[in-house]
Amino acid sequence: MNETSRMNCRPTSSATPVYSAFEEVALRSITPEGWLRVWLERQATGLTGHIEAAGYPFDTKGWGTQRLITKGKIIWWPYEQIAYWIDGALRCAHLLRDEALLRKPLDQIEFVLRHQAKDGFLGINALRPREKENQWPHVILFRALMAHAGVTGERRFVEVIRRYYLSGTADYSHGREICHLEPMLWAWRQTGDRRLLRLAMKAYRDYNRRQSASDTAQRQLLSVKRATDHGVNYNEIGKLGALIHAHTGDRRALAAAVNAYRKMDRDQMLISGIPSSSERLRGKDPLDSHEVCDIADYTWGAGHLLLATGRAEYADKIERACLNAAPGAVTKDFKALQYFSCPNQVLATDKSNHNDYHRGWKWMSFRPNPGTECCPGNVNRILPNYAARMWLRDHDGGVVAALYGASRLTFQVGKPVREVTLVEETEFPFSEHIEFQVRSNGPATFSLRLRIPGWCRKAVIALNGRDLRLRCRPGTFAELRRTFEPNDRITLTLPMELKLSRWPRGGIGVEHGPLVYALPIREHRVIDRAEKNQTCDLPAWNLTPASPWNYALAVDERSLEERVSVVRRPATGFPWDAGTTPCLLHVPARRVSGWKIERPRTVKVHYWAPNGGVRDETEHGRYAFTPQLLAPQDLTGRLGKRLETVTLVPYGCTQLRLAVFPVCAQ
């Protein structure tokens, strides 16, 4: 492999203007370390490296065959799910320098490239347009090609994508097909071929004309109208305006993407950092949930907004989602995941899905395949994309520390060219201190931008122990522009404060810095022997509570600092594992009597109808659901007399949890 360690190694045509604030760096210029590396290694030995445990379609040859991988019926979705895995596995492998893992997705990619049709089409003929969404899977596959091209510098990956779009084999202005703008504009940036730009802009105009009433049409994105679209669809299409602006300077398109994300904050954002979406966008109720797919797609889209605007708020969004929702939706060995994940889930079994959509199904249980194939594929993309966007570059060759975690970045600067490695040492988010060491064979002049999170009011930056007295305004990037000497140390201190957040039904949440805290519920674990999509090493779990969970917190904003104790302890292992987290909160609480798991025998189940609507069916069984939060007026006569102290842990350290609590008098 023609690997390069240069930060800005991605080939770009000088003929194409650049309007984005930041650019990505090549994957292999970043080396994850600390807990982030352990996470990626667990992916490699868990579901990412053994995706066949999730069953069909991951147990087929996928894109690596000319034969249809479905049983006779021509459908596109299995190729979508496998493409998710290809993208995540390839990025994970590059970040780890894991050649054995890399070979698995590359085998399928190379097969596709070897069999490109004479007219430029990629993939089996069955994927040629018959339905409007037939080629949406190509968008995801091309993300992997784009990432790989950034590592190797090989122009053939650029050329095959260019030929594909110039083949004229599809109309990209229907539904999620419009997301082809992402690789299409990338190919224009690499080649300067203006036909690609014209094709992309025509598709975008046609999409907005044909689907003007859709939540994802530009006119609707710019409006105050509440969105109710499919969550993944809204995130994938809603971000496109940021990409259009980055390549053309279209400010109206950018405004549409910015407003799309602002509306999700207003209407659907959950305490975990992900908008609710039990298939469609919902609300902020304590029982509203999100798909694991939404973690991958929301953070991917927020990343494009970060690149386009240079605004720290989008890095804050990625941080919150990846440090809370992401680890909270998987087992910590990365061998099982949920489909729907919720801030409040006191059990997770094959009959515990409390959402209306497919109510009572296994979709909230932890297993290699929790009921749909999109999430077992998409979950592999989340942390590799976090690691890939930890470090960015600006257009003056400067370095941007956008997302924090132990890592190294190697890049080249100056004339004559000098190679520099920035070593980031930290236990963030379990520590307030982040240290960067400059390693080079001589002085190096460059700018270093450090994100000051919106949640941090008193950040301090020091150089070799001396406070630089830089202005560190929350929600911005502080810039150091200087000549750095070998072994210079830049220390960023991000003091974390306690905060209460307020939620519907009188609920409250407790936050400390970037982390949401939750009551961990001990689990009674049973392997679901009826689940066919599992192996001995990657089992399917039914989890039920083995400790009390029905608590109301006795705190308010005025007494928060004096009544809640922050306990820090030495890290003794992987910090997301139960029992090893370095940071705990001790919070006063009272038990709530009569607040119990719901156990109906009959439920009303929502299904999507073929016409796009919803149909309801009544089903019977032995169901068990997390109960709704009790509102303040419902606590009368239910509160225990004894004030207890409960221990809260980071949301991501839990599988069963309560993160939105009733509140009671002290």
# chains A, B, ... in the order shown; residues from 1 in each chain; ligands from 1
>>> residues_around(residues="Leu243 (chain A)", least_positions_apart="3", cutoff="12 Å", atoms="only C-alpha atoms", output="compact mmCIF listing (two decimals) with C-alpha atoms, in the first residue's frame")
# COMPACT_ATOMS: atom_id res chain seq x y z
CA VAL A 18 -12.92 25.70 -1.58
CA TYR A 19 -15.44 27.45 0.67
CA SER A 20 -15.28 25.17 3.70
CA ALA A 21 -13.56 26.29 6.89
CA PHE A 22 -11.83 22.97 7.56
CA GLU A 23 -10.81 19.83 5.66
CA CYS A 179 -27.30 11.94 -1.25
CA HIS A 180 -25.19 11.06 -4.29
CA LEU A 181 -24.23 14.74 -4.15
CA GLU A 182 -21.72 13.76 -1.46
CA PRO A 183 -19.40 11.55 -3.58
CA MET A 184 -20.30 13.48 -6.74
CA LEU A 185 -18.98 16.76 -5.32
CA TRP A 186 -15.96 14.94 -3.88
CA ARG A 189 -13.08 18.42 -6.15
CA LEU A 197 -20.75 19.83 -10.59
CA ALA A 200 -24.97 17.52 -8.84
CA MET A 201 -26.62 20.94 -8.98
CA TYR A 204 -30.47 19.17 -6.28
CA GLU A 236 -28.54 12.27 5.44
CA ILE A 237 -30.39 14.75 3.23
CA GLY A 238 -30.47 17.59 5.75
CA LYS A 239 -26.68 17.88 5.76
CA LEU A 240 -26.36 18.31 1.98
CA ALA A 246 -18.34 23.88 0.93
CA HIS A 247 -17.98 23.35 -2.83
CA THR A 248 -19.87 26.33 -4.29
CA GLY A 249 -20.23 28.96 -1.57
CA ASP A 250 -24.06 28.77 -1.68
CA ARG A 251 -25.06 30.42 1.61
CA ARG A 252 -28.77 29.62 1.28
CA ALA A 253 -27.97 25.92 1.01
CA LEU A 254 -25.80 26.18 4.12
CA ALA A 255 -28.57 28.01 5.98
CA ALA A 256 -30.93 25.13 5.18
CA ALA A 257 -28.55 22.57 6.72
CA VAL A 258 -27.94 24.75 9.78
CA TRP A 300 -21.64 12.17 10.11
CA GLY A 301 -23.89 15.05 9.11
CA ALA A 302 -22.78 17.24 12.02
CA GLY A 303 -19.21 16.58 10.88
CA HIS A 304 -19.97 18.08 7.48
CA LEU A 305 -21.48 21.13 9.17
CA LEU A 306 -18.32 21.43 11.25
CA LEU A 307 -16.16 21.27 8.12
CA ALA A 308 -18.29 23.77 6.23
CA THR A 309 -18.73 26.37 8.98
>>> residues_around(residues="Gly640 (chain A)", least_positions_apart="4", cutoff="10 Å", atoms="only C-alpha atoms", output="list in words")
Tyr551, Ala552, Ala589, Arg590, Arg591, Val592, Ser593 and Glu644 of chain A
>>> write_last_selection(atoms="all heavy atoms", output="PDB file, in the first residue's frame")
ATOM      1  N   TYR A 551     -36.063   5.545  41.506  1.00  0.00           N
ATOM      2  CA  TYR A 551     -35.641   6.643  42.373  1.00  0.00           C
ATOM      3  C   TYR A 551     -36.052   7.992  41.785  1.00  0.00           C
ATOM      4  O   TYR A 551     -36.064   8.185  40.560  1.00  0.00           O
ATOM      5  CB  TYR A 551     -34.122   6.654  42.530  1.00  0.00           C
ATOM      6  CG  TYR A 551     -33.592   5.583  43.468  1.00  0.00           C
ATOM      7  CD1 TYR A 551     -33.109   4.373  42.966  1.00  0.00           C
ATOM      8  CD2 TYR A 551     -33.575   5.792  44.843  1.00  0.00           C
ATOM      9  CE1 TYR A 551     -32.617   3.405  43.815  1.00  0.00           C
ATOM     10  CE2 TYR A 551     -33.078   4.819  45.699  1.00  0.00           C
ATOM     11  CZ  TYR A 551     -32.605   3.628  45.182  1.00  0.00           C
ATOM     12  OH  TYR A 551     -32.118   2.657  46.030  1.00  0.00           O
ATOM     13  N   ALA A 552     -36.338   8.928  42.687  1.00  0.00           N
ATOM     14  CA  ALA A 552     -36.472  10.342  42.341  1.00  0.00           C
ATOM     15  C   ALA A 552     -35.302  11.078  42.966  1.00  0.00           C
ATOM     16  O   ALA A 552     -34.920  10.785  44.113  1.00  0.00           O
ATOM     17  CB  ALA A 552     -37.797  10.910  42.862  1.00  0.00           C
ATOM     18  N   ALA A 589     -31.353  10.918  46.871  1.00  0.00           N
ATOM     19  CA  ALA A 589     -32.546  10.444  46.159  1.00  0.00           C
ATOM     20  C   ALA A 589     -33.496   9.772  47.137  1.00  0.00           C
ATOM     21  O   ALA A 589     -33.127   9.433  48.274  1.00  0.00           O
ATOM     22  CB  ALA A 589     -32.141   9.464  45.059  1.00  0.00           C
ATOM     23  N   ARG A 590     -34.728   9.578  46.686  1.00  0.00           N
ATOM     24  CA  ARG A 590     -35.726   8.829  47.463  1.00  0.00           C
ATOM     25  C   ARG A 590     -36.347   7.758  46.575  1.00  0.00           C
ATOM     26  O   ARG A 590     -36.617   7.981  45.388  1.00  0.00           O
ATOM     27  CB  ARG A 590     -36.829   9.765  47.987  1.00  0.00           C
ATOM     28  CG  ARG A 590     -36.327  10.802  48.979  1.00  0.00           C
ATOM     29  CD  ARG A 590     -37.483  11.635  49.533  1.00  0.00           C
ATOM     30  NE  ARG A 590     -37.002  12.760  50.311  1.00  0.00           N
ATOM     31  CZ  ARG A 590     -36.666  12.704  51.607  1.00  0.00           C
ATOM     32  NH1 ARG A 590     -36.787  11.556  52.264  1.00  0.00           N
ATOM     33  NH2 ARG A 590     -36.235  13.779  52.235  1.00  0.00           N
ATOM     34  N   ARG A 591     -36.591   6.585  47.171  1.00  0.00           N
ATOM     35  CA  ARG A 591     -37.272   5.517  46.444  1.00  0.00           C
ATOM     36  C   ARG A 591     -38.720   5.915  46.194  1.00  0.00           C
ATOM     37  O   ARG A 591     -39.359   6.584  47.000  1.00  0.00           O
ATOM     38  CB  ARG A 591     -37.234   4.211  47.246  1.00  0.00           C
ATOM     39  CG  ARG A 591     -35.868   3.531  47.283  1.00  0.00           C
ATOM     40  CD  ARG A 591     -35.560   2.754  46.017  1.00  0.00           C
ATOM     41  NE  ARG A 591     -36.440   1.640  45.814  1.00  0.00           N
ATOM     42  CZ  ARG A 591     -36.252   0.419  46.343  1.00  0.00           C
ATOM     43  NH1 ARG A 591     -35.197   0.183  47.127  1.00  0.00           N
ATOM     44  NH2 ARG A 591     -37.096  -0.557  46.094  1.00  0.00           N
ATOM     45  N   VAL A 592     -39.242   5.454  45.063  1.00  0.00           N
ATOM     46  CA  VAL A 592     -40.624   5.738  44.683  1.00  0.00           C
ATOM     47  C   VAL A 592     -41.393   4.421  44.667  1.00  0.00           C
ATOM     48  O   VAL A 592     -41.084   3.522  43.864  1.00  0.00           O
ATOM     49  CB  VAL A 592     -40.690   6.408  43.299  1.00  0.00           C
ATOM     50  CG1 VAL A 592     -42.144   6.708  42.935  1.00  0.00           C
ATOM     51  CG2 VAL A 592     -39.860   7.682  43.279  1.00  0.00           C
ATOM     52  N   SER A 593     -42.363   4.279  45.541  1.00  0.00           N
ATOM     53  CA  SER A 593     -43.129   3.035  45.601  1.00  0.00           C
ATOM     54  C   SER A 593     -44.182   3.012  44.495  1.00  0.00           C
ATOM     55  O   SER A 593     -44.675   4.050  44.044  1.00  0.00           O
ATOM     56  CB  SER A 593     -43.805   2.896  46.973  1.00  0.00           C
ATOM     57  OG  SER A 593     -44.743   3.941  47.162  1.00  0.00           O
ATOM     58  N   GLU A 644     -31.729   8.631  50.571  1.00  0.00           N
ATOM     59  CA  GLU A 644     -30.624   7.744  50.246  1.00  0.00           C
ATOM     60  C   GLU A 644     -29.618   8.464  49.346  1.00  0.00           C
ATOM     61  O   GLU A 644     -29.904   9.528  48.790  1.00  0.00           O
ATOM     62  CB  GLU A 644     -31.137   6.499  49.516  1.00  0.00           C
ATOM     63  CG  GLU A 644     -32.171   5.698  50.286  1.00  0.00           C
ATOM     64  CD  GLU A 644     -32.635   4.482  49.511  1.00  0.00           C
ATOM     65  OE1 GLU A 644     -31.772   3.805  48.897  1.00  0.00           O
ATOM     66  OE2 GLU A 644     -33.853   4.206  49.503  1.00  0.00           O
TER      67      GLU A 644
END
>>> closest_residue(among="A:Val526, A:Ala170, A:Ile244, A:Ile318", to="Ala402 (chain A)", atoms="only C-alpha atoms")
A:Ile318
>>> select_by_dssp(residues="region 475-657 of chain A", states="strand (DSSP E)", output="number ranges by chain")
A: 476-484, 489-493, 498-503, 507-512, 515-520, 523-527, 541-545, 551-553, 565-568, 583-591, 602-608, 614-620, 644-650, 657
>>> residues_around(residues="Leu337 (chain A)", least_positions_apart="4", cutoff="9 Å", atoms="only C-alpha atoms", output="PDB file with N, CA and C atoms, in the first residue's frame")
ATOM      1  N   VAL A 292     -29.787   3.199  16.521  1.00  0.00           N
ATOM      2  CA  VAL A 292     -28.328   3.263  16.508  1.00  0.00           C
ATOM      3  C   VAL A 292     -27.851   3.857  15.183  1.00  0.00           C
ATOM      4  N   ALA A 329     -25.452   2.353  23.678  1.00  0.00           N
ATOM      5  CA  ALA A 329     -26.291   1.524  22.802  1.00  0.00           C
ATOM      6  C   ALA A 329     -25.648   0.203  22.438  1.00  0.00           C
ATOM      7  N   VAL A 330     -24.466  -0.098  23.011  1.00  0.00           N
ATOM      8  CA  VAL A 330     -23.756  -1.339  22.703  1.00  0.00           C
ATOM      9  C   VAL A 330     -23.265  -1.977  23.988  1.00  0.00           C
ATOM     10  N   THR A 331     -23.025  -3.283  23.928  1.00  0.00           N
ATOM     11  CA  THR A 331     -22.293  -3.908  25.022  1.00  0.00           C
ATOM     12  C   THR A 331     -20.833  -3.483  24.894  1.00  0.00           C
ATOM     13  N   SER A 341     -32.553   2.627  21.169  1.00  0.00           N
ATOM     14  CA  SER A 341     -31.886   2.854  22.447  1.00  0.00           C
ATOM     15  C   SER A 341     -32.509   4.066  23.110  1.00  0.00           C
ATOM     16  N   MET A 364     -35.183  -3.461  21.277  1.00  0.00           N
ATOM     17  CA  MET A 364     -34.416  -2.761  22.309  1.00  0.00           C
ATOM     18  C   MET A 364     -33.484  -3.696  23.070  1.00  0.00           C
ATOM     19  N   SER A 365     -33.397  -4.937  22.654  1.00  0.00           N
ATOM     20  CA  SER A 365     -32.490  -5.887  23.304  1.00  0.00           C
ATOM     21  C   SER A 365     -31.102  -5.782  22.691  1.00  0.00           C
ATOM     22  N   PHE A 366     -30.095  -6.274  23.413  1.00  0.00           N
ATOM     23  CA  PHE A 366     -28.706  -6.246  22.956  1.00  0.00           C
ATOM     24  C   PHE A 366     -28.367  -7.594  22.321  1.00  0.00           C
ATOM     25  N   ARG A 367     -28.069  -7.557  21.027  1.00  0.00           N
ATOM     26  CA  ARG A 367     -27.716  -8.781  20.302  1.00  0.00           C
ATOM     27  C   ARG A 367     -27.000  -8.402  19.009  1.00  0.00           C
ATOM     28  N   PRO A 368     -26.295  -9.338  18.371  1.00  0.00           N
ATOM     29  CA  PRO A 368     -25.589  -8.997  17.131  1.00  0.00           C
ATOM     30  C   PRO A 368     -26.514  -8.444  16.058  1.00  0.00           C
ATOM     31  N   ASN A 369     -27.753  -8.906  16.035  1.00  0.00           N
ATOM     32  CA  ASN A 369     -28.756  -8.373  15.123  1.00  0.00           C
ATOM     33  C   ASN A 369     -30.053  -8.215  15.913  1.00  0.00           C
ATOM     34  N   PRO A 370     -30.348  -6.985  16.369  1.00  0.00           N
ATOM     35  CA  PRO A 370     -31.511  -6.792  17.242  1.00  0.00           C
ATOM     36  C   PRO A 370     -32.832  -6.662  16.505  1.00  0.00           C
ATOM     37  N   CYS A 375     -28.680  -1.323  11.523  1.00  0.00           N
ATOM     38  CA  CYS A 375     -27.857  -0.947  12.681  1.00  0.00           C
ATOM     39  C   CYS A 375     -26.638  -1.845  12.882  1.00  0.00           C
ATOM     40  N   PRO A 376     -26.714  -3.169  12.696  1.00  0.00           N
ATOM     41  CA  PRO A 376     -25.482  -3.960  12.785  1.00  0.00           C
ATOM     42  C   PRO A 376     -24.422  -3.530  11.780  1.00  0.00           C
ATOM     43  N   VAL A 379     -23.477   0.645  12.969  1.00  0.00           N
ATOM     44  CA  VAL A 379     -22.824   0.862  14.262  1.00  0.00           C
ATOM     45  C   VAL A 379     -21.302   0.853  14.141  1.00  0.00           C
TER      46      VAL A 379
END
>>> atom_distance(atom1="CA of Arg471 (chain A)", atom2="CA of Ser29 (chain A)")
29.4 Å
>>> atom_distance(atom1="CA of Gly613 (chain A)", atom2="CA of Thr216 (chain A)")
17.9 Å
>>> residues_around(residues="Ile161 (chain A)", least_positions_apart="3", cutoff="9 Å", atoms="only C-alpha atoms", output="PDB file with C-alpha atoms, in the first residue's frame")
ATOM      1  CA  GLY A 120     -19.084   3.053 -15.943  1.00  0.00           C
ATOM      2  CA  LEU A 122     -20.554  -0.272 -10.578  1.00  0.00           C
ATOM      3  CA  PHE A 142     -18.271   5.347  -2.163  1.00  0.00           C
ATOM      4  CA  LEU A 145     -13.580   4.422  -1.526  1.00  0.00           C
ATOM      5  CA  ARG A 156      -8.122   4.966  -9.758  1.00  0.00           C
ATOM      6  CA  PHE A 157     -10.646   5.333  -6.927  1.00  0.00           C
ATOM      7  CA  VAL A 158     -11.371   8.860  -8.084  1.00  0.00           C
ATOM      8  CA  TYR A 164     -19.890   5.979 -12.583  1.00  0.00           C
ATOM      9  CA  TYR A 165     -21.563   9.398 -12.439  1.00  0.00           C
ATOM     10  CA  LEU A 166     -20.857  10.239 -16.044  1.00  0.00           C
ATOM     11  CA  PRO A 183     -19.398  11.551  -3.581  1.00  0.00           C
ATOM     12  CA  MET A 184     -20.298  13.478  -6.737  1.00  0.00           C
ATOM     13  CA  ALA A 187     -15.136  13.598  -7.348  1.00  0.00           C
TER      14      ALA A 187
END
>>> closest_residue(among="A:Val346, A:Leu480, A:Cys374, A:Ala147", to="Phe446 (chain A)", atoms="only C-alpha atoms")
A:Leu480
>>> closest_residue(among="A:His512, A:Lys335, A:Arg389, A:Arg219", to="Pro429 (chain A)", atoms="only C-alpha atoms")
A:His512
>>> residues_around(residues="region 63-72 of chain A", least_positions_apart="4", cutoff="8 Å", atoms="only C-alpha atoms", output="list in words")
Pro57, Pro78, Tyr79, Ile82, Asp107, Gln108, Ile109, Phe111, Val112, Gly123, Ile124 and Ala126 of chain A
>>> residues_around(residues="region 406-408 of chain A", least_positions_apart="4", cutoff="9 Å", atoms="only C-alpha atoms", output="list of chain:residue names")
A:Ser29, A:Ile30, A:Thr31, A:Pro32, A:Glu33, A:Gly34, A:Trp35, A:Leu36, A:Arg37, A:Ala387, A:Met390, A:Thr421, A:Leu422, A:Val423, A:Glu424, A:Glu425, A:Thr426, A:Glu427, A:Phe428, A:Ile434
>>> closest_residue(among="A:Ala93, A:Leu403, A:Val510, A:Ala554", to="Leu323 (chain A)", atoms="only C-alpha atoms")
A:Leu403
>>> residues_around(residues="Arg563 (chain A)", least_positions_apart="4", cutoff="9 Å", atoms="only C-alpha atoms", output="ChimeraX atom specification")
/A:554-555,559,586-588
>>> closest_residue(among="A:Lys499, A:Lys596, A:Arg205, A:Arg155", to="Ala624 (chain A)", atoms="only C-alpha atoms")
A:Lys596
>>> atom_distance(atom1="CA of Tyr298 (chain A)", atom2="CA of Cys322 (chain A)")
10.3 Å
